[in-house]
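Chemist: File start.cif below, mmCIF, N, CA and C atoms:
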data_run
loop_
_atom_site.label_atom_id
_atom_site.label_comp_id
_atom_site.auth_asym_id
_atom_site.auth_seq_id
_atom_site.Cartn_x
_atom_site.Cartn_y
_atom_site.Cartn_z
N MET A 1 5.55 4.68 15.78
CA MET A 1 4.51 4.69 14.75
C MET A 1 4.96 3.75 13.63
N ARG A 2 4.07 2.90 13.25
CA ARG A 2 4.40 1.99 12.17
C ARG A 2 4.55 2.76 10.87
N LEU A 3 5.41 2.25 10.02
CA LEU A 3 5.74 2.92 8.77
C LEU A 3 4.52 3.09 7.87
N ARG A 4 3.71 2.06 7.76
CA ARG A 4 2.51 2.13 6.91
C ARG A 4 1.58 3.25 7.38
N VAL A 5 1.40 3.37 8.67
CA VAL A 5 0.53 4.41 9.23
C VAL A 5 1.14 5.79 8.98
N TYR A 6 2.44 5.91 9.17
CA TYR A 6 3.14 7.17 8.91
C TYR A 6 2.89 7.64 7.48
N TYR A 7 3.07 6.74 6.52
CA TYR A 7 2.86 7.10 5.12
C TYR A 7 1.39 7.42 4.83
N ALA A 8 0.48 6.66 5.42
CA ALA A 8 -0.95 6.90 5.20
C ALA A 8 -1.37 8.25 5.77
N VAL A 9 -0.84 8.62 6.91
CA VAL A 9 -1.18 9.92 7.51
C VAL A 9 -0.70 11.05 6.61
N ILE A 10 0.52 10.93 6.08
CA ILE A 10 1.01 11.97 5.18
C ILE A 10 0.12 12.06 3.94
N ALA A 11 -0.25 10.91 3.37
CA ALA A 11 -1.12 10.91 2.19
C ALA A 11 -2.45 11.59 2.51
N MET A 12 -3.02 11.28 3.67
CA MET A 12 -4.31 11.88 4.04
C MET A 12 -4.18 13.38 4.28
N LEU A 13 -3.05 13.82 4.81
CA LEU A 13 -2.84 15.26 5.01
C LEU A 13 -2.70 16.00 3.68
N CYS A 14 -2.24 15.30 2.67
CA CYS A 14 -2.09 15.92 1.35
C CYS A 14 -3.44 16.33 0.75
N VAL A 15 -4.49 15.61 1.08
CA VAL A 15 -5.80 15.89 0.47
C VAL A 15 -6.31 17.27 0.86
N PRO A 16 -6.47 17.59 2.16
CA PRO A 16 -6.97 18.94 2.47
C PRO A 16 -5.99 20.04 2.07
N ILE A 17 -4.70 19.77 2.18
CA ILE A 17 -3.72 20.78 1.78
C ILE A 17 -3.83 21.05 0.28
N GLY A 18 -3.94 19.99 -0.51
CA GLY A 18 -4.07 20.15 -1.96
C GLY A 18 -5.35 20.86 -2.35
N LEU A 19 -6.45 20.50 -1.72
CA LEU A 19 -7.73 21.16 -2.02
C LEU A 19 -7.68 22.62 -1.59
N TYR A 20 -7.11 22.89 -0.44
CA TYR A 20 -7.01 24.27 0.04
C TYR A 20 -6.12 25.10 -0.88
N SER A 21 -5.09 24.47 -1.43
CA SER A 21 -4.18 25.22 -2.30
C SER A 21 -4.89 25.75 -3.55
N LYS A 22 -5.98 25.11 -3.94
CA LYS A 22 -6.72 25.54 -5.14
C LYS A 22 -7.42 26.88 -4.94
N ILE A 23 -7.68 27.27 -3.69
CA ILE A 23 -8.39 28.53 -3.47
C ILE A 23 -7.46 29.65 -3.01
N LEU A 24 -6.18 29.36 -2.89
CA LEU A 24 -5.22 30.39 -2.49
C LEU A 24 -4.89 31.28 -3.69
N PRO A 25 -4.39 32.47 -3.43
CA PRO A 25 -4.15 33.41 -4.53
C PRO A 25 -2.89 33.10 -5.34
N GLY A 26 -2.89 33.60 -6.56
CA GLY A 26 -1.70 33.65 -7.41
C GLY A 26 -1.07 32.32 -7.75
N TRP A 27 0.27 32.30 -7.70
CA TRP A 27 1.02 31.13 -8.14
C TRP A 27 0.76 29.92 -7.25
N ILE A 28 0.35 30.14 -5.99
CA ILE A 28 0.10 29.02 -5.09
C ILE A 28 -1.02 28.16 -5.63
N ALA A 29 -2.13 28.77 -5.99
CA ALA A 29 -3.27 28.02 -6.52
C ALA A 29 -2.90 27.33 -7.84
N ALA A 30 -2.10 27.98 -8.63
CA ALA A 30 -1.76 27.44 -9.95
C ALA A 30 -0.71 26.35 -9.89
N ASN A 31 0.14 26.32 -8.87
CA ASN A 31 1.30 25.44 -8.91
C ASN A 31 1.49 24.51 -7.72
N LEU A 32 1.14 24.93 -6.53
CA LEU A 32 1.39 24.09 -5.36
C LEU A 32 0.63 22.77 -5.44
N GLY A 33 -0.52 22.78 -6.07
CA GLY A 33 -1.30 21.56 -6.20
C GLY A 33 -0.53 20.43 -6.88
N GLY A 34 0.31 20.76 -7.85
CA GLY A 34 1.11 19.75 -8.54
C GLY A 34 2.10 19.07 -7.60
N THR A 35 2.68 19.84 -6.71
CA THR A 35 3.61 19.29 -5.73
C THR A 35 2.88 18.34 -4.78
N ILE A 36 1.74 18.79 -4.29
CA ILE A 36 0.96 17.99 -3.35
C ILE A 36 0.41 16.75 -4.04
N TYR A 37 0.02 16.87 -5.31
CA TYR A 37 -0.51 15.76 -6.09
C TYR A 37 0.51 14.63 -6.17
N VAL A 38 1.74 14.96 -6.51
CA VAL A 38 2.80 13.96 -6.60
C VAL A 38 3.05 13.33 -5.23
N MET A 39 3.09 14.16 -4.20
CA MET A 39 3.32 13.63 -2.86
C MET A 39 2.19 12.70 -2.42
N PHE A 40 0.95 13.08 -2.72
CA PHE A 40 -0.18 12.23 -2.34
C PHE A 40 -0.03 10.84 -2.94
N TRP A 41 0.16 10.76 -4.25
CA TRP A 41 0.25 9.45 -4.90
C TRP A 41 1.47 8.67 -4.43
N GLY A 42 2.57 9.35 -4.21
CA GLY A 42 3.75 8.66 -3.70
C GLY A 42 3.52 8.05 -2.33
N PHE A 43 2.87 8.79 -1.45
CA PHE A 43 2.64 8.26 -0.11
C PHE A 43 1.51 7.23 -0.07
N VAL A 44 0.58 7.28 -1.01
CA VAL A 44 -0.40 6.20 -1.13
C VAL A 44 0.33 4.90 -1.48
N VAL A 45 1.23 4.98 -2.46
CA VAL A 45 2.00 3.79 -2.85
C VAL A 45 2.84 3.30 -1.67
N LEU A 46 3.50 4.20 -0.98
CA LEU A 46 4.32 3.79 0.17
C LEU A 46 3.48 3.22 1.31
N ALA A 47 2.28 3.74 1.50
CA ALA A 47 1.41 3.19 2.55
C ALA A 47 0.97 1.77 2.19
N LEU A 48 0.75 1.52 0.91
CA LEU A 48 0.36 0.18 0.47
C LEU A 48 1.54 -0.79 0.43
N PHE A 49 2.71 -0.25 0.10
CA PHE A 49 3.91 -1.07 -0.04
C PHE A 49 5.07 -0.42 0.71
N PRO A 50 5.05 -0.45 2.05
CA PRO A 50 6.05 0.27 2.83
C PRO A 50 7.48 -0.25 2.68
N HIS A 51 7.63 -1.41 2.12
CA HIS A 51 8.98 -1.96 1.93
C HIS A 51 9.71 -1.32 0.74
N LEU A 52 8.98 -0.59 -0.11
CA LEU A 52 9.61 0.04 -1.26
C LEU A 52 10.47 1.23 -0.84
N SER A 53 11.47 1.51 -1.63
CA SER A 53 12.34 2.65 -1.38
C SER A 53 11.62 3.95 -1.70
N PRO A 54 11.63 4.92 -0.78
CA PRO A 54 11.01 6.22 -1.09
C PRO A 54 11.60 6.88 -2.34
N LEU A 55 12.88 6.68 -2.58
CA LEU A 55 13.51 7.25 -3.78
C LEU A 55 12.91 6.64 -5.04
N LYS A 56 12.78 5.32 -5.08
CA LYS A 56 12.21 4.67 -6.26
C LYS A 56 10.75 5.08 -6.46
N VAL A 57 10.00 5.13 -5.37
CA VAL A 57 8.60 5.55 -5.47
C VAL A 57 8.52 6.99 -5.97
N ALA A 58 9.39 7.84 -5.48
CA ALA A 58 9.40 9.24 -5.92
C ALA A 58 9.69 9.33 -7.41
N LEU A 59 10.66 8.57 -7.89
CA LEU A 59 11.00 8.60 -9.31
C LEU A 59 9.85 8.09 -10.17
N TRP A 60 9.24 6.99 -9.77
CA TRP A 60 8.11 6.44 -10.54
C TRP A 60 6.90 7.36 -10.49
N THR A 61 6.64 7.96 -9.35
CA THR A 61 5.51 8.89 -9.24
C THR A 61 5.75 10.12 -10.09
N PHE A 62 6.96 10.63 -10.08
CA PHE A 62 7.31 11.77 -10.93
C PHE A 62 7.12 11.41 -12.39
N ALA A 63 7.59 10.24 -12.80
CA ALA A 63 7.45 9.80 -14.19
C ALA A 63 5.97 9.64 -14.57
N ALA A 64 5.19 9.07 -13.68
CA ALA A 64 3.77 8.85 -13.97
C ALA A 64 3.01 10.17 -14.10
N THR A 65 3.28 11.11 -13.21
CA THR A 65 2.57 12.39 -13.30
C THR A 65 3.02 13.19 -14.52
N CYS A 66 4.28 13.05 -14.89
CA CYS A 66 4.74 13.69 -16.14
C CYS A 66 4.06 13.06 -17.34
N ALA A 67 3.88 11.73 -17.31
CA ALA A 67 3.20 11.04 -18.41
C ALA A 67 1.76 11.52 -18.53
N VAL A 68 1.08 11.69 -17.40
CA VAL A 68 -0.29 12.22 -17.43
C VAL A 68 -0.30 13.60 -18.07
N GLU A 69 0.69 14.40 -17.73
CA GLU A 69 0.78 15.75 -18.31
C GLU A 69 0.92 15.68 -19.83
N PHE A 70 1.74 14.76 -20.32
CA PHE A 70 1.93 14.63 -21.77
C PHE A 70 0.68 14.08 -22.47
N ILE A 71 -0.14 13.33 -21.74
CA ILE A 71 -1.37 12.79 -22.34
C ILE A 71 -2.29 13.92 -22.78
N TYR A 72 -2.22 15.07 -22.11
CA TYR A 72 -3.06 16.20 -22.52
C TYR A 72 -2.81 16.62 -23.96
N LEU A 73 -1.61 16.38 -24.43
CA LEU A 73 -1.28 16.81 -25.79
C LEU A 73 -2.05 16.03 -26.85
N CYS A 74 -2.52 14.82 -26.52
CA CYS A 74 -3.25 14.03 -27.52
C CYS A 74 -4.70 14.49 -27.66
N GLN A 75 -5.23 15.19 -26.67
CA GLN A 75 -6.59 15.75 -26.72
C GLN A 75 -7.65 14.71 -27.08
N SER A 76 -7.60 13.54 -26.45
CA SER A 76 -8.60 12.51 -26.74
C SER A 76 -9.96 12.96 -26.20
N PRO A 77 -11.03 12.62 -26.89
CA PRO A 77 -12.37 13.00 -26.43
C PRO A 77 -12.68 12.46 -25.03
N PHE A 78 -12.23 11.23 -24.74
CA PHE A 78 -12.47 10.66 -23.42
C PHE A 78 -11.80 11.51 -22.34
N LEU A 79 -10.54 11.86 -22.54
CA LEU A 79 -9.81 12.66 -21.56
C LEU A 79 -10.46 14.04 -21.39
N LEU A 80 -10.87 14.65 -22.49
CA LEU A 80 -11.52 15.95 -22.41
C LEU A 80 -12.82 15.87 -21.63
N ASP A 81 -13.58 14.78 -21.82
CA ASP A 81 -14.83 14.60 -21.08
C ASP A 81 -14.56 14.42 -19.58
N VAL A 82 -13.54 13.63 -19.25
CA VAL A 82 -13.21 13.40 -17.84
C VAL A 82 -12.74 14.70 -17.19
N CYS A 83 -11.88 15.44 -17.87
CA CYS A 83 -11.34 16.68 -17.31
C CYS A 83 -12.38 17.79 -17.23
N ALA A 84 -13.49 17.65 -17.95
CA ALA A 84 -14.55 18.64 -17.90
C ALA A 84 -15.37 18.53 -16.61
N THR A 85 -15.27 17.41 -15.91
CA THR A 85 -15.98 17.25 -14.64
C THR A 85 -15.14 17.84 -13.51
N ARG A 86 -15.78 18.21 -12.41
CA ARG A 86 -15.04 18.78 -11.28
C ARG A 86 -14.06 17.76 -10.72
N GLY A 87 -14.48 16.52 -10.56
CA GLY A 87 -13.58 15.48 -10.05
C GLY A 87 -12.40 15.24 -10.98
N GLY A 88 -12.67 15.18 -12.28
CA GLY A 88 -11.59 15.00 -13.25
C GLY A 88 -10.62 16.15 -13.24
N TRP A 89 -11.14 17.35 -13.08
CA TRP A 89 -10.28 18.53 -13.03
C TRP A 89 -9.40 18.50 -11.78
N PHE A 90 -9.98 18.10 -10.62
CA PHE A 90 -9.19 18.03 -9.39
C PHE A 90 -8.10 16.97 -9.48
N VAL A 91 -8.41 15.82 -10.09
CA VAL A 91 -7.47 14.71 -10.13
C VAL A 91 -6.46 14.85 -11.27
N LEU A 92 -6.93 15.24 -12.44
CA LEU A 92 -6.07 15.25 -13.63
C LEU A 92 -5.69 16.64 -14.15
N GLY A 93 -6.38 17.65 -13.69
CA GLY A 93 -6.14 18.98 -14.25
C GLY A 93 -6.89 19.12 -15.56
N ASN A 94 -6.45 20.05 -16.42
CA ASN A 94 -7.20 20.22 -17.65
C ASN A 94 -6.36 20.60 -18.86
N SER A 95 -5.05 20.79 -18.68
CA SER A 95 -4.25 21.17 -19.85
C SER A 95 -2.77 20.89 -19.61
N PHE A 96 -2.03 20.87 -20.69
CA PHE A 96 -0.58 20.67 -20.63
C PHE A 96 0.12 21.98 -20.29
N SER A 97 1.12 21.90 -19.43
CA SER A 97 1.92 23.08 -19.13
C SER A 97 3.32 22.65 -18.70
N TRP A 98 4.32 23.21 -19.39
CA TRP A 98 5.70 22.90 -19.03
C TRP A 98 6.04 23.36 -17.62
N LYS A 99 5.37 24.41 -17.16
CA LYS A 99 5.74 24.92 -15.83
C LYS A 99 5.25 24.04 -14.69
N ASP A 100 4.48 22.99 -14.98
CA ASP A 100 4.07 22.05 -13.93
C ASP A 100 5.22 21.12 -13.53
N PHE A 101 6.14 20.85 -14.43
CA PHE A 101 7.17 19.85 -14.19
C PHE A 101 8.09 20.16 -12.99
N PRO A 102 8.52 21.41 -12.80
CA PRO A 102 9.34 21.67 -11.60
C PRO A 102 8.58 21.40 -10.30
N TYR A 103 7.28 21.64 -10.29
CA TYR A 103 6.48 21.39 -9.09
C TYR A 103 6.29 19.89 -8.87
N TYR A 104 6.20 19.13 -9.96
CA TYR A 104 6.16 17.67 -9.83
C TYR A 104 7.48 17.18 -9.24
N LEU A 105 8.58 17.74 -9.70
CA LEU A 105 9.89 17.36 -9.17
C LEU A 105 10.00 17.72 -7.70
N LEU A 106 9.49 18.88 -7.32
CA LEU A 106 9.49 19.27 -5.92
C LEU A 106 8.69 18.28 -5.07
N GLY A 107 7.57 17.79 -5.60
CA GLY A 107 6.79 16.78 -4.89
C GLY A 107 7.57 15.49 -4.73
N ALA A 108 8.32 15.10 -5.76
CA ALA A 108 9.15 13.89 -5.67
C ALA A 108 10.23 14.06 -4.60
N VAL A 109 10.82 15.24 -4.53
CA VAL A 109 11.82 15.52 -3.49
C VAL A 109 11.16 15.43 -2.12
N GLY A 110 9.93 15.92 -2.01
CA GLY A 110 9.20 15.82 -0.74
C GLY A 110 8.96 14.39 -0.33
N ILE A 111 8.69 13.51 -1.29
CA ILE A 111 8.53 12.08 -0.98
C ILE A 111 9.81 11.52 -0.41
N VAL A 112 10.91 11.84 -1.03
CA VAL A 112 12.20 11.33 -0.57
C VAL A 112 12.52 11.85 0.84
N LEU A 113 12.35 13.15 1.03
CA LEU A 113 12.69 13.74 2.33
C LEU A 113 11.79 13.24 3.46
N LEU A 114 10.48 13.26 3.23
CA LEU A 114 9.55 12.79 4.27
C LEU A 114 9.55 11.28 4.39
N GLY A 115 9.83 10.60 3.29
CA GLY A 115 9.87 9.14 3.32
C GLY A 115 11.05 8.61 4.10
N ARG A 116 12.12 9.36 4.13
CA ARG A 116 13.30 8.94 4.89
C ARG A 116 13.26 9.44 6.32
N GLY A 117 12.34 10.36 6.60
CA GLY A 117 12.29 10.95 7.94
C GLY A 117 11.43 10.17 8.90
N ARG A 118 11.46 8.88 8.80
CA ARG A 118 10.60 8.01 9.62
C ARG A 118 10.92 8.16 11.06
#
Kindly transcribe the structure held in the file into structure tokens.
Modeler:
Amino acid sequence: MRLRVYYAVIAMLCVPIGLYSKILPGWIAANLGGTIYVMFWGFVVLALFPHLSPLKVALWTFAATCAVEFIYLCQSPFLLDVCATRGGWFVLGNSFSWKDFPYYLLGAVGIVLLGRGR
């Protein structure tokens, strides 16, 4: 299996898993989505640029998703309008939470582990 296809398949599998995680009970619905979100974006980048190191992509994806989380603190009207839509809520969430960061880190670890398991 070519590397690009391998990464694309993982990214595509993240979509239904992430959406399904939103309807599961308890902490799974609240937290697993963050892990899958980081993995999705990491594997999209790796599918587009398979020559990149999975470790570097994982670190950059973790940093980018953490930055998005911090953007919630500014409460810009544009961001609030985007997050008020169903699509915006699925992609960006709707509020800042410190407890999201460990799940983002777990997603980055997943990128490294699955990215090296070619």
Chemist: Between atom CA of Val112 of chain A and atom CA of Ala67 of chain A, what is the distance, to one decimal in Å?
Modeler: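 For atom CA of Val112 of chain A relative to atom CA of Ala67 of chain A, the distance reads 20.0 Å.
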Chemist: Would you please work out which residue, of A:Asp100, A:Leu13, A:Ala108, A:Pro50, is nearest to Trp27 of chain A when using only C-alpha atoms?
Modeler: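 For Trp27 of chain A, the nearest of the given residues is A:Asp100.
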Chemist: Considering only alpha helix (DSSP H) as DSSP defines it on the backbone, what residues of chain A qualify? List them as a PyMOL selection string.
Modeler: chain A and resi 3-21+26-27+33-48+54-71+77-83+86-92+101-116
Chemist: Rank nothing, just name the residue among A:Ala84, A:Leu113, A:Leu48, A:Val68 nearest to Ser97 of chain A, using only C-alpha atoms.
Modeler: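 Distance minimum relative to Ser97 of chain A lands on A:Val68.
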Chemist: If I put a ball of radius 12 Å at (3.6, 23.2, -14.7) in the file's coordinates, which residues poke into it when counting only C-alpha atoms, written as a list of chain:residue names?
Modeler: A:Trp27, A:Ile28, A:Ala29, A:Ala30, A:Asn31, A:Leu32, A:Gly33, A:Gly34, A:Thr35, A:Thr65, A:Cys66, A:Val68, A:Glu69, A:Phe70, A:Gly93, A:Asn94, A:Ser95, A:Phe96, A:Ser97, A:Trp98, A:Lys99, A:Asp100, A:Phe101, A:Pro102, A:Tyr103, A:Tyr104, A:Leu105, A:Leu106
Chemist: Measuring atom to atom with only C-alpha atoms, identify which of A:Val38, A:Leu24, A:Leu46, A:Ile111 is nearest to Ala8 of chain A.
Modeler: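 Among A:Val38, A:Leu24, A:Leu46, A:Ile111, it is A:Leu46 that comes nearest to Ala8 of chain A.
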Chemist: Given the file shown, determine the residues that the PyMOL selection byres ((chain A and resi 58) around 6.5) selects; report them as a list in words.
Modeler: Gly42, Ser53, Pro54, Leu55, Lys56, Val57, Leu59, Trp60, Thr61, Phe62, Ala63, Ala108, Val109, Ile111 and Val112 of chain A
Chemist: Between atom CA of Arg4 of chain A and atom C of Phe40 of chain A, what is the distance in Å, rounded to a tenth?
Modeler: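 Distance between the two atoms: 13.4 Å.
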Chemist: A:Gly107, A:Gly87, A:Pro77, A:Gly115: which is nearest Leu52 of chain A, counting only C-alpha atoms?
Modeler: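 Answer, going by the shortest atom-to-atom distance: A:Gly115.
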Chemist: Just how far from atom CA of Tyr37 of chain A is atom CA of Val15 of chain A, in Å to one decimal?
Modeler: 8.4 Å
Chemist: Find, counting all atoms listed in the file, the residue in A:Ile17, A:His51, A:Asp81, A:Leu73 that gets nearest to Ile36 of chain A.
Modeler: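 Ranking A:Ile17, A:His51, A:Asp81, A:Leu73 by distance to Ile36 of chain A, first place goes to A:Ile17.
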